[in-house]
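J.: Would you mind keeping the following structure in view while I ask a few things?
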Amino acid sequence: MLPCISKQVLGIDCPGCGLQRSVVLLLNGDLIASFQMYPALFPMLALFGFLALNRFVFFKKANAIIIGLAGLTVISILANYALKLFN
């Protein structure tokens with residue numbers, strides 16, 4: 001795994017800490033452990049999946065869906081980070 005520069009320099013987790021391990025757990029088929037490691041991965045994958053699908057299939061409300069998924073992803077990342085800081 002790649003080391004987290006902010007954790008090495010500042011000694012605190014960054015908002016993305018746990019993402020690599022979560023992806024590895026997901027690729028190994030362990031959905032629950034992946035979610036526990038980094039819950040923001042799932043809305044992030046939904047966003048990226050929709051963006052990829054939107055390149056090939058036309059959706060009327062694509063912009064609203066993208067904005068909603070992006071907002072959910074940002075909220076998930078910030079909530080996960082806040083929980084890590086205060087626990």
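Residues in the structure tokens are named by chain (A, B, ... in the order shown) and by number from 1 within that chain; ligands are numbered from 1 in the order shown.
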Identify, on the basis of only C-alpha atoms, every residue whose closest approach to region 4-20 of chain A does not exceed 6 Å; exclude the query and any residue fewer than 4 positions from it along the same chain; express the result as a ChimeraX atom specification.

T.: /A:37-38,81

J.: If we count only C-alpha atoms, what is near region 69-79 of chain A at a cut-off of 10 Å, once residues fewer than 4 positions away on the same chain are taken out, given as a compact mmCIF listing (two decimals) with N, CA and C atoms, in the first residue's frame?

T.:
# COMPACT_ATOMS: atom_id res chain seq x y z
N PRO A 15 -8.57 12.76 4.82
CA PRO A 15 -9.91 12.30 4.46
C PRO A 15 -9.92 11.04 3.59
N GLY A 16 -8.82 10.71 2.96
CA GLY A 16 -8.77 9.54 2.10
C GLY A 16 -8.14 8.32 2.74
N TYR A 38 -13.95 2.08 4.94
CA TYR A 38 -14.12 3.39 4.29
C TYR A 38 -15.51 3.44 3.65
N PRO A 39 -16.53 3.87 4.41
CA PRO A 39 -17.90 3.86 3.90
C PRO A 39 -18.13 4.73 2.66
N ALA A 40 -17.31 5.73 2.46
CA ALA A 40 -17.50 6.63 1.32
C ALA A 40 -17.16 5.97 -0.02
N LEU A 41 -16.57 4.79 0.01
CA LEU A 41 -16.22 4.11 -1.24
C LEU A 41 -17.45 3.78 -2.07
N PHE A 42 -18.53 3.39 -1.44
CA PHE A 42 -19.70 2.94 -2.19
C PHE A 42 -20.42 4.07 -2.93
N PRO A 43 -20.67 5.23 -2.31
CA PRO A 43 -21.22 6.33 -3.12
C PRO A 43 -20.24 6.82 -4.19
N MET A 44 -18.95 6.72 -3.88
CA MET A 44 -17.93 7.11 -4.86
C MET A 44 -17.97 6.19 -6.08
N LEU A 45 -18.10 4.88 -5.84
CA LEU A 45 -18.20 3.93 -6.94
C LEU A 45 -19.49 4.14 -7.73
N ALA A 46 -20.58 4.47 -7.03
CA ALA A 46 -21.84 4.75 -7.72
C ALA A 46 -21.69 5.98 -8.63
N LEU A 47 -21.01 7.00 -8.13
CA LEU A 47 -20.77 8.21 -8.93
C LEU A 47 -19.93 7.89 -10.16
N PHE A 48 -18.81 7.21 -9.97
CA PHE A 48 -17.94 6.87 -11.10
C PHE A 48 -18.63 5.94 -12.08
N PHE A 50 -21.88 5.76 -12.64
CA PHE A 50 -22.87 6.53 -13.39
C PHE A 50 -22.19 7.42 -14.43
N LEU A 51 -21.07 8.03 -14.06
CA LEU A 51 -20.34 8.87 -15.03
C LEU A 51 -19.90 8.05 -16.24
N ASN A 63 -27.53 15.47 -15.08
CA ASN A 63 -26.85 16.48 -14.25
C ASN A 63 -27.32 16.43 -12.81
N ALA A 64 -28.62 16.27 -12.61
CA ALA A 64 -29.16 16.20 -11.25
C ALA A 64 -28.65 14.95 -10.54
N ILE A 65 -28.58 13.84 -11.25
CA ILE A 65 -28.09 12.59 -10.66
C ILE A 65 -26.62 12.73 -10.29
N LEU A 83 -15.75 11.28 11.95
CA LEU A 83 -15.83 10.16 12.88
C LEU A 83 -14.44 9.64 13.24
N LYS A 84 -13.53 9.62 12.27
CA LYS A 84 -12.17 9.17 12.58
C LYS A 84 -11.46 10.13 13.52
N LEU A 85 -11.68 11.42 13.32
CA LEU A 85 -10.99 12.41 14.15
C LEU A 85 -11.48 12.39 15.60

J.: For a test of reading the model, state the distance in Å between CA of Ala62 (chain A) and CA of Phe35 (chain A), rounded to one decimal.

T.: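 Going from CA of Ala62 (chain A) over to CA of Phe35 (chain A), I get 26.3 Å.
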
J.: In Å, with one decimal, what is the gap from CA of Asp30 (chain A) to CA of Met1 (chain A)?

T.: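 Taking CA of Asp30 (chain A) and CA of Met1 (chain A), their separation equals 17.8 Å.
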
J.: I'd like the interatomic distance between CA of Arg55 (chain A) and CA of Ile67 (chain A), to a tenth of an Å.

T.: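 CA of Ile67 (chain A) lies 15.8 Å from CA of Arg55 (chain A).
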
J.: From the DSSP assignment of the backbone, select every residue of chain A that is helix (DSSP H, G or I), and format the answer as a short mmCIF file (atom, residue, chain, number, x, y, z; two decimals) with N, CA and C atoms, in the first residue's frame.

T.:
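Result file follows (result28.cif):
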data_model
loop_
_atom_site.label_atom_id
_atom_site.label_comp_id
_atom_site.auth_asym_id
_atom_site.auth_seq_id
_atom_site.Cartn_x
_atom_site.Cartn_y
_atom_site.Cartn_z
N ILE A 5 1.02 10.48 3.04
CA ILE A 5 2.00 11.54 3.32
C ILE A 5 1.55 12.41 4.49
N SER A 6 0.27 12.79 4.53
CA SER A 6 -0.17 13.66 5.62
C SER A 6 -0.08 12.95 6.97
N LYS A 7 -0.32 11.64 6.98
CA LYS A 7 -0.20 10.91 8.25
C LYS A 7 1.26 10.83 8.68
N GLN A 8 2.17 10.68 7.71
CA GLN A 8 3.59 10.62 8.06
C GLN A 8 4.11 11.97 8.52
N VAL A 9 3.69 13.04 7.85
CA VAL A 9 4.21 14.37 8.16
C VAL A 9 3.51 15.00 9.36
N LEU A 10 2.15 14.97 9.34
CA LEU A 10 1.38 15.65 10.38
C LEU A 10 0.97 14.74 11.53
N LEU A 19 -8.98 4.32 2.06
CA LEU A 19 -9.56 4.07 0.74
C LEU A 19 -8.87 2.90 0.05
N GLN A 20 -7.54 2.86 0.06
CA GLN A 20 -6.82 1.76 -0.59
C GLN A 20 -7.17 0.42 0.02
N ARG A 21 -7.17 0.35 1.34
CA ARG A 21 -7.49 -0.91 2.02
C ARG A 21 -8.93 -1.32 1.76
N SER A 22 -9.82 -0.33 1.68
CA SER A 22 -11.22 -0.62 1.40
C SER A 22 -11.40 -1.20 0.00
N VAL A 23 -10.67 -0.66 -0.98
CA VAL A 23 -10.75 -1.18 -2.35
C VAL A 23 -10.22 -2.62 -2.39
N VAL A 24 -9.12 -2.89 -1.70
CA VAL A 24 -8.57 -4.24 -1.67
C VAL A 24 -9.57 -5.21 -1.04
N LEU A 25 -10.19 -4.80 0.07
CA LEU A 25 -11.18 -5.65 0.71
C LEU A 25 -12.38 -5.89 -0.21
N LEU A 26 -12.79 -4.86 -0.93
CA LEU A 26 -13.91 -5.01 -1.87
C LEU A 26 -13.54 -5.96 -3.00
N LEU A 27 -12.33 -5.84 -3.53
CA LEU A 27 -11.90 -6.73 -4.60
C LEU A 27 -11.76 -8.18 -4.12
N LEU A 31 -17.46 -7.28 1.46
CA LEU A 31 -18.21 -6.02 1.39
C LEU A 31 -18.35 -5.35 2.74
N ILE A 32 -18.61 -6.13 3.77
CA ILE A 32 -18.83 -5.55 5.10
C ILE A 32 -17.55 -4.92 5.63
N ALA A 33 -16.44 -5.62 5.52
CA ALA A 33 -15.16 -5.06 6.00
C ALA A 33 -14.76 -3.84 5.16
N SER A 34 -15.07 -3.88 3.87
CA SER A 34 -14.77 -2.75 3.00
C SER A 34 -15.57 -1.53 3.44
N PHE A 35 -16.85 -1.73 3.73
CA PHE A 35 -17.69 -0.62 4.18
C PHE A 35 -17.23 -0.08 5.53
N GLN A 36 -16.84 -0.97 6.42
CA GLN A 36 -16.36 -0.54 7.74
C GLN A 36 -15.04 0.22 7.64
N MET A 37 -14.20 -0.14 6.68
CA MET A 37 -12.92 0.53 6.52
C MET A 37 -13.09 1.94 5.96
N LEU A 41 -16.57 4.79 0.01
CA LEU A 41 -16.22 4.11 -1.24
C LEU A 41 -17.45 3.78 -2.07
N PHE A 42 -18.53 3.39 -1.44
CA PHE A 42 -19.70 2.94 -2.19
C PHE A 42 -20.42 4.07 -2.93
N PRO A 43 -20.67 5.23 -2.31
CA PRO A 43 -21.22 6.33 -3.12
C PRO A 43 -20.24 6.82 -4.19
N MET A 44 -18.95 6.72 -3.88
CA MET A 44 -17.93 7.11 -4.86
C MET A 44 -17.97 6.19 -6.08
N LEU A 45 -18.10 4.88 -5.84
CA LEU A 45 -18.20 3.93 -6.94
C LEU A 45 -19.49 4.14 -7.73
N ALA A 46 -20.58 4.47 -7.03
CA ALA A 46 -21.84 4.75 -7.72
C ALA A 46 -21.69 5.98 -8.63
N LEU A 47 -21.01 7.00 -8.13
CA LEU A 47 -20.77 8.21 -8.93
C LEU A 47 -19.93 7.89 -10.16
N PHE A 48 -18.81 7.21 -9.97
CA PHE A 48 -17.94 6.87 -11.10
C PHE A 48 -18.63 5.94 -12.08
N GLY A 49 -19.41 4.99 -11.56
CA GLY A 49 -20.15 4.09 -12.43
C GLY A 49 -21.18 4.83 -13.26
N PHE A 50 -21.88 5.76 -12.64
CA PHE A 50 -22.87 6.53 -13.39
C PHE A 50 -22.19 7.42 -14.43
N LEU A 51 -21.07 8.03 -14.06
CA LEU A 51 -20.34 8.87 -15.03
C LEU A 51 -19.90 8.05 -16.24
N ALA A 52 -19.44 6.83 -16.01
CA ALA A 52 -19.03 5.96 -17.11
C ALA A 52 -20.23 5.55 -17.95
N LEU A 53 -21.33 5.18 -17.30
CA LEU A 53 -22.54 4.79 -18.02
C LEU A 53 -23.11 5.95 -18.81
N ASN A 54 -23.02 7.14 -18.25
CA ASN A 54 -23.56 8.33 -18.90
C ASN A 54 -22.82 8.68 -20.19
N ALA A 62 -29.42 13.59 -16.04
CA ALA A 62 -28.05 13.17 -15.72
C ALA A 62 -27.35 14.17 -14.81
N ASN A 63 -27.53 15.47 -15.08
CA ASN A 63 -26.85 16.48 -14.25
C ASN A 63 -27.32 16.43 -12.81
N ALA A 64 -28.62 16.27 -12.61
CA ALA A 64 -29.16 16.20 -11.25
C ALA A 64 -28.65 14.95 -10.54
N ILE A 65 -28.58 13.84 -11.25
CA ILE A 65 -28.09 12.59 -10.66
C ILE A 65 -26.62 12.73 -10.29
N ILE A 66 -25.83 13.32 -11.18
CA ILE A 66 -24.40 13.50 -10.91
C ILE A 66 -24.19 14.42 -9.72
N ILE A 67 -24.93 15.50 -9.65
CA ILE A 67 -24.81 16.43 -8.53
C ILE A 67 -25.21 15.74 -7.22
N GLY A 68 -26.28 14.96 -7.26
CA GLY A 68 -26.72 14.23 -6.06
C GLY A 68 -25.70 13.22 -5.60
N LEU A 69 -25.17 12.43 -6.54
CA LEU A 69 -24.16 11.43 -6.18
C LEU A 69 -22.86 12.09 -5.71
N ALA A 70 -22.48 13.19 -6.34
CA ALA A 70 -21.27 13.91 -5.91
C ALA A 70 -21.46 14.48 -4.50
N GLY A 71 -22.62 15.04 -4.24
CA GLY A 71 -22.92 15.56 -2.91
C GLY A 71 -22.90 14.46 -1.86
N LEU A 72 -23.51 13.33 -2.18
CA LEU A 72 -23.52 12.19 -1.26
C LEU A 72 -22.11 11.69 -1.00
N THR A 73 -21.28 11.68 -2.03
CA THR A 73 -19.89 11.25 -1.87
C THR A 73 -19.12 12.20 -0.96
N VAL A 74 -19.27 13.50 -1.18
CA VAL A 74 -18.56 14.49 -0.35
C VAL A 74 -19.03 14.40 1.09
N ILE A 75 -20.34 14.29 1.30
CA ILE A 75 -20.87 14.18 2.66
C ILE A 75 -20.35 12.92 3.33
N SER A 76 -20.30 11.82 2.59
CA SER A 76 -19.79 10.56 3.15
C SER A 76 -18.32 10.67 3.53
N ILE A 77 -17.53 11.30 2.68
CA ILE A 77 -16.10 11.47 2.97
C ILE A 77 -15.91 12.33 4.22
N LEU A 78 -16.63 13.45 4.29
CA LEU A 78 -16.48 14.35 5.44
C LEU A 78 -17.00 13.72 6.72
N ALA A 79 -18.11 12.98 6.65
CA ALA A 79 -18.63 12.31 7.85
C ALA A 79 -17.67 11.24 8.33
N ASN A 80 -17.12 10.47 7.40
CA ASN A 80 -16.15 9.44 7.77
C ASN A 80 -14.92 10.07 8.40
N TYR A 81 -14.45 11.18 7.86
CA TYR A 81 -13.28 11.86 8.39
C TYR A 81 -13.56 12.41 9.79
N ALA A 82 -14.74 13.00 9.97
CA ALA A 82 -15.10 13.53 11.29
C ALA A 82 -15.18 12.42 12.32
N LEU A 83 -15.75 11.28 11.95
CA LEU A 83 -15.83 10.16 12.88
C LEU A 83 -14.44 9.64 13.24
N LYS A 84 -13.53 9.62 12.27
CA LYS A 84 -12.17 9.17 12.58
C LYS A 84 -11.46 10.13 13.52
N LEU A 85 -11.68 11.42 13.32
CA LEU A 85 -10.99 12.41 14.15
C LEU A 85 -11.48 12.39 15.60
N PHE A 86 -12.78 12.16 15.80
CA PHE A 86 -13.34 12.26 17.13
C PHE A 86 -13.46 10.93 17.85
#
